[in-house]
>>> print(open('coords-v4.txt').read())   # compact mmCIF, C-alpha atoms
# COMPACT_ATOMS: atom_id res chain seq x y z
CA MET A 1 97.37 83.85 87.49
CA ASN A 2 97.49 84.72 91.16
CA ASN A 3 101.04 86.12 91.19
CA LEU A 4 101.62 89.71 90.14
CA VAL A 5 105.40 89.53 90.64
CA GLU A 6 107.52 86.47 89.92
CA VAL A 7 111.26 86.30 90.49
CA GLU A 8 112.92 83.04 89.47
CA HIS A 9 116.59 82.11 90.03
CA PHE A 10 117.64 85.75 89.87
CA GLN A 11 121.35 86.47 90.04
CA MET A 12 122.95 89.92 89.81
CA SER A 13 126.66 90.61 89.51
CA PHE A 14 128.53 93.88 89.13
CA ASP A 15 131.95 93.18 87.63
CA SER A 16 133.30 90.30 89.73
CA LYS A 17 130.99 90.88 92.71
CA THR A 18 127.76 88.88 92.98
CA VAL A 19 125.17 90.76 95.06
CA ILE A 20 122.10 88.56 94.42
CA LYS A 21 122.45 84.77 94.46
CA ASP A 22 119.73 82.50 93.02
CA LEU A 23 116.80 84.50 94.42
CA SER A 24 113.25 83.24 93.88
CA PHE A 25 109.99 84.60 95.32
CA ALA A 26 106.52 85.77 94.28
CA VAL A 27 104.16 88.58 95.25
CA LYS A 28 100.47 87.73 95.03
CA LYS A 29 97.88 90.04 93.56
CA GLY A 30 96.27 92.20 96.23
CA GLU A 31 98.77 91.55 99.02
CA ILE A 32 101.19 93.74 100.95
CA PHE A 33 104.61 92.15 100.74
CA GLY A 34 107.55 93.10 102.95
CA LEU A 35 111.02 93.05 101.38
CA LEU A 36 113.33 93.23 104.37
CA GLY A 37 117.03 93.31 105.11
CA ALA A 38 119.91 95.43 106.33
CA ASN A 39 121.61 97.89 103.99
CA GLY A 40 123.53 96.07 101.29
CA SER A 41 121.39 92.93 101.44
CA GLY A 42 120.09 93.36 97.86
CA LYS A 43 116.59 94.78 98.30
CA THR A 44 116.92 97.86 96.12
CA THR A 45 118.97 95.99 93.52
CA THR A 46 116.14 93.48 93.19
CA ILE A 47 113.52 96.20 92.72
CA ARG A 48 115.64 98.04 90.14
CA ALA A 49 116.15 94.83 88.18
CA LEU A 50 112.41 94.10 88.36
CA LEU A 51 111.66 97.53 86.89
CA GLY A 52 114.29 97.22 84.16
CA PHE A 53 116.88 99.66 85.51
CA TYR A 54 119.36 96.77 85.72
CA LYS A 55 119.72 93.83 83.37
CA PRO A 56 119.90 90.64 85.45
CA THR A 57 122.98 88.47 85.11
CA SER A 58 120.63 85.49 84.99
CA GLY A 59 117.10 84.48 85.93
CA LYS A 60 113.62 85.86 85.29
CA LEU A 61 111.86 88.87 86.80
CA LEU A 62 108.24 89.18 85.67
CA LEU A 63 105.32 91.54 86.28
CA ASN A 64 101.95 90.10 85.34
CA GLY A 65 103.77 87.27 83.59
CA LYS A 66 105.92 89.53 81.42
CA LYS A 67 109.21 91.37 81.57
CA TYR A 68 108.33 94.92 82.60
CA ASN A 69 108.25 97.55 79.87
CA PRO A 70 106.71 100.86 80.97
CA GLU A 71 105.94 101.80 77.34
CA ASN A 72 104.07 98.60 76.58
CA THR A 73 102.10 97.47 79.61
CA LYS A 74 98.61 97.84 81.02
CA LEU A 75 99.99 97.55 84.56
CA THR A 76 100.45 100.93 86.24
CA VAL A 77 103.39 100.90 88.65
CA GLY A 78 104.20 103.48 91.31
CA TYR A 79 107.76 103.48 92.64
CA LEU A 80 108.84 105.57 95.62
CA PRO A 81 112.65 105.31 95.78
CA GLU A 82 114.60 105.94 98.94
CA GLU A 83 116.37 108.83 97.20
CA ARG A 84 114.13 111.85 96.60
CA GLY A 85 113.91 113.15 93.03
CA LEU A 86 111.92 116.38 93.24
CA TYR A 87 112.52 119.70 91.50
CA ARG A 88 113.76 121.58 94.52
CA LYS A 89 113.48 125.10 93.04
CA GLU A 90 109.82 124.68 92.06
CA THR A 91 106.77 125.15 94.27
CA VAL A 92 104.91 122.22 95.76
CA ILE A 93 101.73 122.73 93.76
CA ASP A 94 103.52 123.38 90.45
CA THR A 95 105.56 120.21 90.94
CA MET A 96 102.52 118.08 91.68
CA VAL A 97 100.46 119.51 88.82
CA TYR A 98 103.38 118.97 86.43
CA PHE A 99 103.62 115.28 87.33
CA GLY A 100 99.84 114.97 87.32
CA ASN A 101 99.77 116.20 83.72
CA LEU A 102 102.54 113.76 82.77
CA LYS A 103 100.52 110.90 84.27
CA GLY A 104 97.32 111.90 82.50
CA LEU A 105 95.18 113.09 85.41
CA LYS A 106 92.01 114.86 84.30
CA ASP A 107 92.29 117.51 87.01
CA PRO A 108 95.77 117.39 88.58
CA LEU A 109 95.24 120.63 90.47
CA ALA A 110 92.14 119.37 92.29
CA TRP A 111 93.80 116.02 93.05
CA SER A 112 96.92 117.74 94.39
CA GLN A 113 94.96 120.15 96.59
CA LYS A 114 92.93 117.30 98.07
CA TYR A 115 96.07 115.26 98.75
CA LEU A 116 97.91 118.18 100.36
CA LYS A 117 94.99 118.70 102.71
CA ARG A 118 94.95 114.96 103.51
CA VAL A 119 98.62 115.03 104.59
CA GLY A 120 98.50 118.41 106.36
CA LEU A 121 100.47 120.42 103.80
CA GLU A 122 97.76 122.61 102.28
CA ASP A 123 99.51 125.70 103.68
CA LYS A 124 102.75 124.71 101.92
CA SER A 125 101.40 124.58 98.36
CA SER A 126 103.17 127.82 97.32
CA GLU A 127 106.44 126.96 99.08
CA LYS A 128 109.45 125.84 97.10
CA ILE A 129 110.33 122.19 97.61
CA GLU A 130 113.77 123.11 98.98
CA LYS A 131 112.12 124.96 101.88
CA LEU A 132 110.33 121.84 103.14
CA SER A 133 111.61 119.41 105.73
CA SER A 134 112.74 115.97 104.58
CA GLY A 135 109.52 114.43 105.93
CA GLN A 136 107.39 116.98 104.08
CA GLN A 137 109.29 116.30 100.87
CA GLN A 138 108.67 112.60 101.38
CA LYS A 139 104.93 113.27 101.58
CA ILE A 140 105.07 115.18 98.28
CA GLN A 141 106.96 112.39 96.58
CA LEU A 142 104.48 109.84 97.89
CA GLY A 143 101.62 111.87 96.44
CA ILE A 144 103.32 111.97 93.05
CA THR A 145 103.87 108.21 93.25
CA ILE A 146 100.22 107.32 93.93
CA MET A 147 98.39 110.02 91.97
CA ASN A 148 97.72 107.79 88.94
CA ASP A 149 96.24 104.99 91.07
CA PRO A 150 98.98 102.38 90.47
CA LYS A 151 98.02 98.72 90.59
CA LEU A 152 101.47 97.86 91.94
CA LEU A 153 103.02 100.23 94.47
CA ILE A 154 106.67 99.81 95.46
CA LEU A 155 107.78 101.76 98.52
CA ASP A 156 111.46 101.92 99.51
CA GLU A 157 111.74 103.11 103.13
CA PRO A 158 108.54 105.20 102.85
CA THR A 159 108.51 106.38 106.51
CA LYS A 160 112.21 107.22 106.78
CA GLY A 161 112.53 110.53 108.63
CA PHE A 162 108.90 110.56 109.79
CA ASP A 163 107.80 111.18 113.36
CA PRO A 164 105.32 108.67 114.89
CA MET A 165 102.26 110.73 113.92
CA ASN A 166 103.27 110.96 110.26
CA ARG A 167 104.27 107.29 110.20
CA ARG A 168 100.72 106.44 111.29
CA LEU A 169 99.30 108.75 108.60
CA LEU A 170 101.33 107.04 105.90
CA MET A 171 100.33 103.60 107.11
CA GLU A 172 96.68 104.68 106.93
CA ILE A 173 97.19 105.79 103.31
CA ILE A 174 98.85 102.46 102.47
CA GLU A 175 95.95 100.55 104.05
CA GLU A 176 93.45 102.64 102.08
CA LEU A 177 95.24 101.87 98.81
CA HIS A 178 95.37 98.18 99.71
CA GLU A 179 91.61 98.14 100.37
CA LYS A 180 91.12 99.48 96.82
CA GLY A 181 93.02 96.49 95.43
CA THR A 182 96.53 97.88 95.07
CA SER A 183 99.33 95.33 95.46
CA ILE A 184 102.18 96.74 97.53
CA ILE A 185 105.85 95.87 98.00
CA MET A 186 107.29 97.65 101.01
CA ILE A 187 110.95 97.91 101.96
CA THR A 188 111.27 98.94 105.59
CA HIS A 189 113.40 98.57 108.70
CA TYR A 190 110.42 99.06 111.02
CA MET A 191 109.14 95.66 112.13
CA ASP A 192 105.96 97.14 113.62
CA GLU A 193 105.03 98.27 110.10
CA VAL A 194 105.57 94.74 108.84
CA GLU A 195 103.44 93.32 111.68
CA GLN A 196 100.61 95.75 110.99
CA LEU A 197 100.60 95.84 107.20
CA CYS A 198 102.28 92.87 105.54
CA ASP A 199 100.64 89.59 104.55
CA ARG A 200 103.96 87.94 103.76
CA ALA A 201 107.64 88.90 103.83
CA LEU A 202 111.07 88.00 102.51
CA LEU A 203 114.23 88.58 104.56
CA LEU A 204 117.40 88.96 102.49
CA LYS A 205 120.99 88.83 103.70
CA ASP A 206 123.95 89.19 101.34
CA GLY A 207 121.70 88.49 98.38
CA THR A 208 120.28 85.21 99.70
CA VAL A 209 116.96 84.32 101.34
CA ARG A 210 117.03 83.92 105.12
CA ALA A 211 113.25 83.71 105.66
CA TYR A 212 110.19 83.79 103.38
CA GLY A 213 106.49 83.31 104.00
CA THR A 214 103.61 84.61 106.08
CA ILE A 215 104.49 86.53 109.21
CA PRO A 216 103.24 83.70 111.50
CA ASP A 217 105.24 81.14 109.49
CA ILE A 218 108.44 83.19 109.76
CA LYS A 219 107.95 83.54 113.51
CA LYS A 220 107.35 79.82 113.83
CA GLU A 221 110.55 79.09 111.90
CA PHE A 222 112.48 81.19 114.43
CA LYS A 223 110.91 79.59 117.53
CA ASN A 224 108.11 82.18 117.80
CA LYS A 225 110.44 85.10 118.39
CA SER A 226 109.27 88.64 117.64
CA LEU A 227 110.13 90.08 114.22
CA ASP A 228 112.44 92.57 115.91
CA GLN A 229 114.38 89.75 117.57
CA ILE A 230 114.49 87.75 114.34
CA PHE A 231 115.89 90.80 112.56
CA VAL A 232 118.58 91.17 115.23
CA ASP A 233 119.41 87.46 115.06
CA ILE A 234 119.95 87.68 111.30
CA TYR A 235 121.51 91.11 110.87
CA GLY A 236 122.91 92.12 114.25
CA ASP A 237 121.87 94.92 116.59
CA SER A 238 121.43 97.63 113.93
CA HIS A 239 118.49 97.79 111.53
CA GLU A 240 120.71 99.82 109.24
>>> encode(input="coords-v4.txt", output="structure tokens")
Amino acid sequence: MNNLVEVEHFQMSFDSKTVIKDLSFAVKKGEIFGLLGANGSGKTTTIRALLGFYKPTSGKLLLNGKKYNPENTKLTVGYLPEERGLYRKETVIDTMVYFGNLKGLKDPLAWSQKYLKRVGLEDKSSEKIEKLSSGQQQKIQLGITIMNDPKLLILDEPTKGFDPMNRRLLMEIIEELHEKGTSIIMITHYMDEVEQLCDRALLLKDGTVRAYGTIPDIKKEFKNKSLDQIFVDIYGDSHE
């Protein structure tokens, strides 16, 4: 089976409001897949249903051909949500080692020290999380997300709040993981990230598909416009 993720005729309603309408798409093994759309388009809802946080109103959402169950699967999944969930009163290194132990790392301290050096935070290891900037906290949460070498990595706005230098650093890390065989779903508003990283993409608006396919195919469908212009055409002037 070439598809790692399969979503078939997915519909999601909350009370009387339907937020996802007959959504179908697939993510192939080993690819970087862009899940795009303005706020409220249904991206995060789809991911949360895929991971079992929400029960779909109808349809199928499968990982490796099965409904995802974190307690009964050989597929390791890393999920970086847009909302940060760190223990703000704890130090950076204690937080990372704690999660490393939970995820079964043989030497979580060594892994954490190496990662902190990689992202330029080795001098912050004894700082409390609450003392870090939002971008620095995002780096810590990314490290926790990837420390157990997930085979599927889901990133929701991973570069939000990053300056250009740190955005490039994160994109390098994503490319390195991809080269090791990690399949990646990336939610982002930055079309240059999609151009550089993604093999294929899905553009959602109000819970329905507006474009789906390879980046060249999507451009061709919209008369060879840039992704930025396509985004504006679909969602208006704001990427938010």
>>> closest_residue(input="coords-v4.txt", among="A:Gly78, A:Gly143, A:Gly207, A:Gly42", to="Ile185 in chain A", atoms="all atoms listed in the file")
A:Gly78
>>> atom_distance(input="coords-v4.txt", atom1="CA of Gly34 in chain A", atom2="CA of Gly59 in chain A")
21.3 Å
>>> closest_residue(input="coords-v4.txt", among="A:Pro56, A:Gly135, A:Gly65, A:Pro164", to="Glu6 in chain A", atoms="only C-alpha atoms")
A:Gly65
>>> atom_distance(input="coords-v4.txt", atom1="CA of Met147 in chain A", atom2="CA of Glu130 in chain A")
21.4 Å
>>> closest_residue(input="coords-v4.txt", among="A:Asn64, A:Gly37, A:Ile93, A:Leu23", to="Ser125 in chain A", atoms="only C-alpha atoms")
A:Ile93
>>> closest_residue(input="coords-v4.txt", among="A:Asp107, A:Thr46, A:Gln137, A:Leu227", to="Tyr87 in chain A", atoms="all atoms listed in the file")
A:Gln137
>>> atom_distance(input="coords-v4.txt", atom1="CA of Lys55 in chain A", atom2="CA of Phe10 in chain A")
10.6 Å
>>> residues_around(input="coords-v4.txt", residues="Lys205 in chain A", least_positions_apart="6", cutoff="9 Å", atoms="only C-alpha atoms", output="PDB file with C-alpha atoms, keeping the file's coordinate frame")
ATOM      1  CA  LEU A  36     113.330  93.230 104.370  1.00  0.00           C
ATOM      2  CA  GLY A  37     117.030  93.310 105.110  1.00  0.00           C
ATOM      3  CA  ALA A  38     119.910  95.430 106.330  1.00  0.00           C
ATOM      4  CA  GLY A  40     123.530  96.070 101.290  1.00  0.00           C
ATOM      5  CA  SER A  41     121.390  92.930 101.440  1.00  0.00           C
ATOM      6  CA  GLY A  42     120.090  93.360  97.860  1.00  0.00           C
ATOM      7  CA  ILE A 234     119.950  87.680 111.300  1.00  0.00           C
ATOM      8  CA  TYR A 235     121.510  91.110 110.870  1.00  0.00           C
TER       9      TYR A 235
END
>>> closest_residue(input="coords-v4.txt", among="A:Ile173, A:Val5, A:Leu51, A:Leu132", to="Lys89 in chain A", atoms="only C-alpha atoms")
A:Leu132
>>> closest_residue(input="coords-v4.txt", among="A:Glu172, A:Asp192, A:Asp94, A:Asp233", to="Ile144 in chain A", atoms="all atoms listed in the file")
A:Asp94
>>> residues_near_point(input="coords-v4.txt", point="(114.6, 99.4, 83.3)", cutoff="12 Å", atoms="all atoms listed in the file", output="PDB file with C-alpha atoms, in the coordinates of the input")
ATOM      1  CA  THR A  45     118.970  95.990  93.520  1.00  0.00           C
ATOM      2  CA  THR A  46     116.140  93.480  93.190  1.00  0.00           C
ATOM      3  CA  ILE A  47     113.520  96.200  92.720  1.00  0.00           C
ATOM      4  CA  ARG A  48     115.640  98.040  90.140  1.00  0.00           C
ATOM      5  CA  ALA A  49     116.150  94.830  88.180  1.00  0.00           C
ATOM      6  CA  LEU A  50     112.410  94.100  88.360  1.00  0.00           C
ATOM      7  CA  LEU A  51     111.660  97.530  86.890  1.00  0.00           C
ATOM      8  CA  GLY A  52     114.290  97.220  84.160  1.00  0.00           C
ATOM      9  CA  PHE A  53     116.880  99.660  85.510  1.00  0.00           C
ATOM     10  CA  TYR A  54     119.360  96.770  85.720  1.00  0.00           C
ATOM     11  CA  LYS A  55     119.720  93.830  83.370  1.00  0.00           C
ATOM     12  CA  PRO A  56     119.900  90.640  85.450  1.00  0.00           C
ATOM     13  CA  LEU A  61     111.860  88.870  86.800  1.00  0.00           C
ATOM     14  CA  LYS A  67     109.210  91.370  81.570  1.00  0.00           C
ATOM     15  CA  TYR A  68     108.330  94.920  82.600  1.00  0.00           C
ATOM     16  CA  ASN A  69     108.250  97.550  79.870  1.00  0.00           C
ATOM     17  CA  PRO A  70     106.710 100.860  80.970  1.00  0.00           C
ATOM     18  CA  GLU A  71     105.940 101.800  77.340  1.00  0.00           C
TER      19      GLU A  71
END
>>> residues_around(input="coords-v4.txt", residues="Met96 in chain A", least_positions_apart="3", cutoff="9 Å", atoms="all atoms listed in the file", output="list in words")
Thr91, Val92, Ile93, Phe99, Gly100, Asn101, Pro108, Leu109, Ser112, Ile140, Gln141, Gly143 and Ile144 of chain A
>>> residues_around(input="coords-v4.txt", residues="range 148-154 of chain A", least_positions_apart="3", cutoff="9 Å", atoms="only C-alpha atoms", output="list of chain:residue names")
A:Leu4, A:Lys29, A:Gly30, A:Ile47, A:Leu75, A:Thr76, A:Val77, A:Gly78, A:Tyr79, A:Leu80, A:Pro81, A:Gly100, A:Lys103, A:Gly104, A:Leu105, A:Ile144, A:Thr145, A:Leu177, A:Gly181, A:Thr182, A:Ser183, A:Ile184, A:Ile185, A:Met186, A:Ile187
>>> residues_around(input="coords-v4.txt", residues="Lys21 in chain A", least_positions_apart="3", cutoff="8 Å", atoms="all atoms listed in the file", output="ChimeraX atom specification")
/A:9-12,18,207-208
>>> residues_around(input="coords-v4.txt", residues="Glu193 in chain A", least_positions_apart="2", cutoff="12 Å", atoms="all atoms listed in the file", output="ChimeraX atom specification")
/A:32-36,157-160,164,167-168,170-172,174-175,186-191,195-199,201,215,227-228
